[in-house]
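Q: Structure in structure tokens, see below.
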Amino acid sequence: MRSIEAKGLTKDFKVYQSRSGLKGAFRDLLNRKYRMIRAVDHINLSIEQGEIVGYIGENGAGKSTTIKMLTGILEPTSGTLQVNGYDPHREREQFVRTIGVVFGQRSQLWWDIAVRESFRLLKKLYRIPDDSYRQHLDRLVEVLEIGSFLDQPVRKLSLGQRMRCELAAALLHRPRLLFLDEPTIGLDVLVKENIRHFLKQVNKEYGTTILLTTHDLSDIEALCSRVVMLDQGKIIYDGDLERLRSQWGDGRRLILELKDEISLSALNERSHGLALRWEGEGTRFVAHMENGTGVSDVLSRLVPAVTVREMKIEEATTEDIVRRIYREGITHHA
Amino acid sequence: MLNTYMELVRIRFLMMLAYRVKYYSGIIIYSLNIGVYYFLWMAIYGENSSLNGTTPVQMATYVAVAWMSRAFYFNNLDREIAAEIRDGTVAIQLIRPYHYILVKCFQGLGEGIFRLLLFSAPGLFLVSLVFPIQLPTGVEDWGWFVLSLVFAFVINSQVNVITGLMAFFIMNNTGLIRGKRVLVDLLSGLLIPIHLFPEWAGKILAFLPFQGISYMPSTILSRGLPTSEIIQFLGIQMLWLILLLIPIQLLWMTARRRLIVQGG
Amino acid sequence: MFYVRLFFHYWMQYLKIRMEYRSDFFVQLVTDLMFQGVNLVFIIVVFSHTADLSGWSREEVIFIYGYFLVPFSLFASFFNLWDFNERYIIKGELDRVLTRPAHSLFQVILETMTPESLSGGITGLLVMGWAGWKMGLELSWYDPLLFILFVLGGGAIYAGIYILLTSISLFSDSKTDIQPIMFNVGNYGRYPVDVYNKVIRTVLTWVIPFAFVGFYPASFFLNEERWMTLALLTPVVGLVWLYLGIKVWNWGIRNYRGAGN
Ligand SMILES: Nc1ncnc2c1ncn2[C@@H]1O[C@H](COP(=O)(O)OP(=O)(O)OP(=O)(O)O)[C@@H](O)[C@H]1O
Ligand SMILES: [Mg+2]
């Protein structure tokens, strides 16, 4: 069974505009002006059991709105949606038993009571049998290293401590599918590391499907085999990270420091026929190499005539690539 | 100096203006309360034409005036002060070049003027259309009433300041504040005019400041008292107004000393 | 069964939190008592000037007020929805509730309940008991049963009306002050409806049926024949309103727009 199967998924929001002044307030009572915002626009998404999928996009692209539809919080405006075999909104109560949810921006736990009590309440809510609960909780506590603050109320925890508890809470009932909306927001490097490691382990051990949104692309690099990129409510890329790199990456850059000065035109002449572009003057040059051009090819052309003192190869990071796509739009390149 | 305080009044007034929608529902709520007590009192009168010298029309007027006056004198100074004490902002206010309590009172005044103009006055007008009440037409009666109402406002604010300042000494005084509200409504004569209480209770109430908050102004407007009695009322209100300064000053001085010792 | 167990679990959690702030708890009890006391003082003082209130004696009016306190305390304990808009819509707690496998309204009720308000019900029972004893009121075997039915019915009326009003927040997150307005309308139900004029009486019976919360059922126990049928209708009216409230709530959940960003 597919974890997520969405066709033409769409969500519109009506945004009311209020008129100013007392007269405006009265007119608002009778007929209010509004405009429609299409937050998610005919998305087709199909995710298999066991995948880890990164869901990225600019602020306001519609990521959280998608997650809220997938988790049953919001009813879609149109489109068909099956998650774990359920219609999330219509069959909400049975459906949510099969998923776990973490919203990085707000707590899923009860603010005033101790973490342990929160867990116990969840046990009751999800009707988890005693022995399986104890076993699983012990394991979660150990791996996430949350044992030392289980007896503190949630409001007294630091962000990193809280987020680890949120993860444990979301996994207590062993969901088949885990949604994470910005789970690493505001966390330090070590906690991020711990969480990524943990997620990988959960995915491997239980075959849990994971869908996560994030603005930190190192999360994606560390975890996801597949990226879905959203722009203004539409999916603009769906595939693996490698392809995104090779397709949209600017290729590599070769930075050279030469012993003797040489002119740009002389360099161009030497590398004639190779797909690259030179930049620089004097003894410092940069070769922007298109995909498929090998470093060794370039060097072998140069070596007879010039002496290379130092050399560095730079690859565009995922962040560079994504930044470019956000800035220029994907159509520009395709 | 006075300019600073007048500015506070103005700002509070503008702030209230921004929340004015809240007051439309306020008028409805107060009218509903007037309704309940109006019908109850009329049922109490039954066939009688007078209770302790008050006619049904005077009673109806009393109920309407008392509640709409409450819309004016009521404020949240107690809660605000208590909250500022609890979260420690009072300590900051201490180093500012003005008197904390006075600032609070002027803020209360700004709110009061707003409530008078946009809540009590139109509310009383609306209520006078719905219920058979009889308001005096003479300028003189209204003059006395307004004066007495201003005193009522000050006395009520003083009581609120005292309850608010108690937060220095009682950690959690929200209960005290809520309890005080319920009691003031009863003891001030809002629910039952003081001359209709049993004699022994009336005698006790005569020695308390609360009668100056609701009973006195409302009686002045609804029953048409002789001038000598009105002046007596105003005198009592003024006396309390001065007497209540003493506990406020004492509380404030003790509190200040505490604040300074604790380092805020 | 699942919901019953859940209910008790939440209850225990609530008590644990409450025990941490014990003084709040007692302060709440005392102010509640004071509030009820003031209302009783009003009735007592009023009856020093008259022998009857539209045909009802002092003990009868006190009995009606005492009865009213019982369904009202039920409502006050479990339908504490005053800051629903603030807490669940604006702060977005409803998102969390909707990812949990239990009915959303049930969860919200469990998270906001204040069972200490039930103390008002005890006060009410005592007040009723005293007034009934003064009048030499006699009970039939079925009276306690009917009492429970009526109280549940009255509580359901309050609950239904407030659930309905609270659901408005699910459609629009702009603030409405309709809840406190309704609360003040509710106070009309504590006194005999003979006191009011015809329009108000009709409204309290058929439009916003607060008369079924206090007056009609209480008059039944006072052996008043005039309102017998209406009194017996109390559980029905309660069911209708509760059904309406829940329907509108469910409809609202379908319309829910999610917490704003
Ligand atoms: N409840 C709502 N009412 C009206 N508009 C909304 C609502 N929720 C979201 N939107 C709008 O829908 C669009 C998508 O919002 P969404 O929160 O899904 O973005 P996002 O991709 O999660 O952004 P971010 O990275 O900032 O979290 C935005 O334009 C937002 O203003
Ligand atoms: Mg988001």
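The chains in the structure tokens are called A, B, ... from first to last as shown; in each chain the residues are counted from 1, and the ligands are counted from 1 in the order shown.
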Tell me as a list in words which residues belonging to chain C come within 9 Å of chain A, counting only C-alpha atoms.
A: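 Using only C-alpha atoms, chain C residues at most 9 Å from chain A: Phe2, Arg5, Leu6, His9, Tyr10, Gln13, Tyr14, Lys16, Ile17, Lys91, Gly92, Glu93, Leu94, Asp95, Arg96, Val97, Leu98, Thr99, Arg100, Pro101, Ala102, His103, Ile253, Arg254, Asn255, Tyr256, Arg257 and Gly258 of chain C.
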Q: Compute the chain C side of the contact with chain B at 8 Å, counting only C-alpha atoms, and hand it back as a list in words.
A: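 The complete set of qualifying residues is Asp24, Val27, Gln28, Thr31, Met34, Phe35, Val38, Phe42, Val45, Val46, Phe47, Ser48, His49, Thr50, Asp52, Leu53, Ser54, Asp177, Ile178, Pro180, Ile181, Asn184, Val185, Asn187, Tyr188, Val195 and Tyr196 of chain C.
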Q: How would you write, as a list of chain:residue names, the set of residues no farther than 10 Å from ligand 2 when counting only C-alpha atoms and all ligand atoms?
A: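 So the residues close to ligand 2 are A:Ile56, A:Gly57, A:Glu58, A:Asn59, A:Gly60, A:Ala61, A:Gly62, A:Lys63, A:Ser64, A:Thr65, A:Thr66, A:Ile67, A:Lys68, A:Phe103, A:Gly104, A:Gln105, A:Asp181, A:Glu182, A:Thr213, A:Thr214, A:His215, C:Asn261.
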Q: Create the file for the chosen residues now, containing C-alpha atoms and written as a compact mmCIF listing (two decimals), in the first residue's frame.
A:
```txt
# COMPACT_ATOMS: atom_id res chain seq x y z
CA ILE A 56 11.04 22.13 0.52
CA GLY A 57 10.00 25.52 -0.75
CA GLU A 58 10.15 29.19 0.10
CA ASN A 59 8.21 30.79 2.97
CA GLY A 60 4.54 30.70 2.09
CA ALA A 61 5.00 28.10 -0.63
CA GLY A 62 2.28 25.96 0.93
CA LYS A 63 4.27 23.28 2.74
CA SER A 64 2.50 23.49 6.08
CA THR A 65 -0.86 23.69 4.37
CA THR A 66 -0.10 20.46 2.50
CA ILE A 67 0.96 18.75 5.72
CA LYS A 68 -2.20 19.92 7.45
CA PHE A 103 5.22 20.70 14.35
CA GLY A 104 8.49 22.38 15.15
CA GLN A 105 6.81 25.73 15.67
CA ASP A 181 7.08 20.26 9.88
CA GLU A 182 10.37 22.08 10.46
CA THR A 213 9.65 20.06 5.61
CA THR A 214 12.65 22.15 6.46
CA HIS A 215 14.56 25.24 5.52
CA ASN C 261 0.88 31.97 10.74
```
Q: Check the smallest atom-to-atom distance from each of C:Tyr67, C:Phe78, C:Phe72, C:Phe171 to ligand 1 using only C-alpha atoms and all ligand atoms, then report the winner.
A: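 Closest candidate: C:Phe171.
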Q: When distances are computed from only C-alpha atoms, which of B:Leu102, B:Ile133, B:Phe151, B:Leu17 shows the smallest separation from chain A?
A: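 Nearest to chain A: B:Leu17.
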Q: Near Tyr65 in chain C, counting only C-alpha atoms, which residues have an atom at most 12 Å away, once you skip same-chain residues fewer than 5 positions from it, shown as number ranges by chain?
A: C: 36-37, 39-44, 58-60, 70-72, 120-121, 123-131, 187-192, 211, 213-219
Q: Those residues you just picked out, can you put them in a file as a compact mmCIF listing (two decimals), in the first residue's frame with N, CA and C atoms?
A:
```txt
# COMPACT_ATOMS: atom_id res chain seq x y z
N GLN C 36 -22.67 33.19 45.23
CA GLN C 36 -23.97 32.58 45.51
C GLN C 36 -24.60 33.24 46.73
N GLY C 37 -23.74 33.56 47.72
CA GLY C 37 -24.22 34.23 48.93
C GLY C 37 -24.89 35.54 48.61
N ASN C 39 -26.35 36.50 45.89
CA ASN C 39 -27.66 36.28 45.27
C ASN C 39 -28.71 35.89 46.29
N LEU C 40 -28.31 35.06 47.28
CA LEU C 40 -29.25 34.67 48.32
C LEU C 40 -29.62 35.87 49.19
N VAL C 41 -28.62 36.69 49.52
CA VAL C 41 -28.89 37.88 50.32
C VAL C 41 -29.91 38.75 49.60
N PHE C 42 -29.74 38.86 48.28
CA PHE C 42 -30.68 39.67 47.51
C PHE C 42 -32.11 39.15 47.72
N ILE C 43 -32.27 37.85 47.56
CA ILE C 43 -33.62 37.27 47.69
C ILE C 43 -34.18 37.52 49.09
N ILE C 44 -33.32 37.29 50.11
CA ILE C 44 -33.79 37.44 51.49
C ILE C 44 -34.18 38.87 51.80
N ARG C 58 -40.98 33.12 49.66
CA ARG C 58 -39.53 33.24 49.80
C ARG C 58 -38.85 31.89 49.65
N GLU C 59 -39.38 30.88 50.36
CA GLU C 59 -38.74 29.56 50.30
C GLU C 59 -38.77 29.00 48.89
N GLU C 60 -39.87 29.26 48.19
CA GLU C 60 -39.96 28.73 46.83
C GLU C 60 -38.92 29.38 45.92
N VAL C 70 -27.51 23.69 40.43
CA VAL C 70 -27.03 22.33 40.16
C VAL C 70 -26.70 22.13 38.67
N PRO C 71 -27.67 22.30 37.75
CA PRO C 71 -27.29 22.18 36.33
C PRO C 71 -26.26 23.22 35.92
N PHE C 72 -26.34 24.40 36.53
CA PHE C 72 -25.38 25.44 36.16
C PHE C 72 -23.96 25.01 36.52
N GLY C 120 -20.47 24.40 43.41
CA GLY C 120 -21.70 25.19 43.31
C GLY C 120 -22.93 24.29 43.35
N GLY C 121 -22.80 23.10 42.79
CA GLY C 121 -23.91 22.16 42.80
C GLY C 121 -24.23 21.69 44.21
N THR C 123 -23.58 23.43 46.96
CA THR C 123 -24.26 24.56 47.58
C THR C 123 -25.73 24.55 47.19
N GLY C 124 -25.98 24.34 45.90
CA GLY C 124 -27.36 24.33 45.40
C GLY C 124 -28.20 23.28 46.10
N LEU C 125 -27.63 22.07 46.23
CA LEU C 125 -28.37 21.00 46.89
C LEU C 125 -28.71 21.37 48.33
N LEU C 126 -27.72 21.96 49.02
CA LEU C 126 -27.95 22.35 50.41
C LEU C 126 -29.06 23.40 50.49
N VAL C 127 -28.98 24.39 49.60
CA VAL C 127 -29.97 25.46 49.60
C VAL C 127 -31.36 24.88 49.34
N MET C 128 -31.45 24.00 48.33
CA MET C 128 -32.72 23.34 48.02
C MET C 128 -33.23 22.55 49.21
N GLY C 129 -32.30 21.80 49.81
CA GLY C 129 -32.67 20.96 50.95
C GLY C 129 -33.26 21.81 52.06
N TRP C 130 -32.59 22.91 52.36
CA TRP C 130 -33.06 23.78 53.43
C TRP C 130 -34.46 24.33 53.11
N ALA C 131 -34.60 24.85 51.88
CA ALA C 131 -35.88 25.45 51.50
C ALA C 131 -36.97 24.39 51.49
N ASN C 187 -28.92 34.31 33.33
CA ASN C 187 -29.33 34.67 34.68
C ASN C 187 -30.84 34.83 34.82
N TYR C 188 -31.51 35.06 33.69
CA TYR C 188 -32.97 35.21 33.74
C TYR C 188 -33.64 33.91 34.18
N GLY C 189 -32.94 32.78 33.96
CA GLY C 189 -33.56 31.48 34.26
C GLY C 189 -33.61 31.16 35.75
N ARG C 190 -32.97 32.00 36.58
CA ARG C 190 -32.92 31.67 38.01
C ARG C 190 -34.19 32.07 38.76
N TYR C 191 -35.04 32.90 38.13
CA TYR C 191 -36.21 33.39 38.83
C TYR C 191 -37.48 32.91 38.13
N PRO C 192 -38.59 32.90 38.85
CA PRO C 192 -39.87 32.48 38.24
C PRO C 192 -40.18 33.31 37.00
N ALA C 211 -35.22 29.06 30.64
CA ALA C 211 -36.21 28.78 31.68
C ALA C 211 -36.25 27.29 32.01
N VAL C 213 -33.63 25.51 32.35
CA VAL C 213 -32.48 25.17 33.18
C VAL C 213 -32.86 25.24 34.65
N GLY C 214 -33.54 26.32 35.03
CA GLY C 214 -33.85 26.49 36.43
C GLY C 214 -35.33 26.39 36.74
N PHE C 215 -36.09 27.32 36.20
CA PHE C 215 -37.45 27.52 36.70
C PHE C 215 -38.41 26.37 36.45
N TYR C 216 -38.58 25.93 35.19
CA TYR C 216 -39.60 24.91 34.92
C TYR C 216 -39.40 23.63 35.72
N PRO C 217 -38.23 23.02 35.65
CA PRO C 217 -38.06 21.79 36.43
C PRO C 217 -38.20 22.02 37.93
N ALA C 218 -37.69 23.16 38.43
CA ALA C 218 -37.79 23.41 39.86
C ALA C 218 -39.25 23.51 40.27
N SER C 219 -40.04 24.16 39.43
CA SER C 219 -41.46 24.33 39.77
C SER C 219 -42.16 22.97 39.84
```
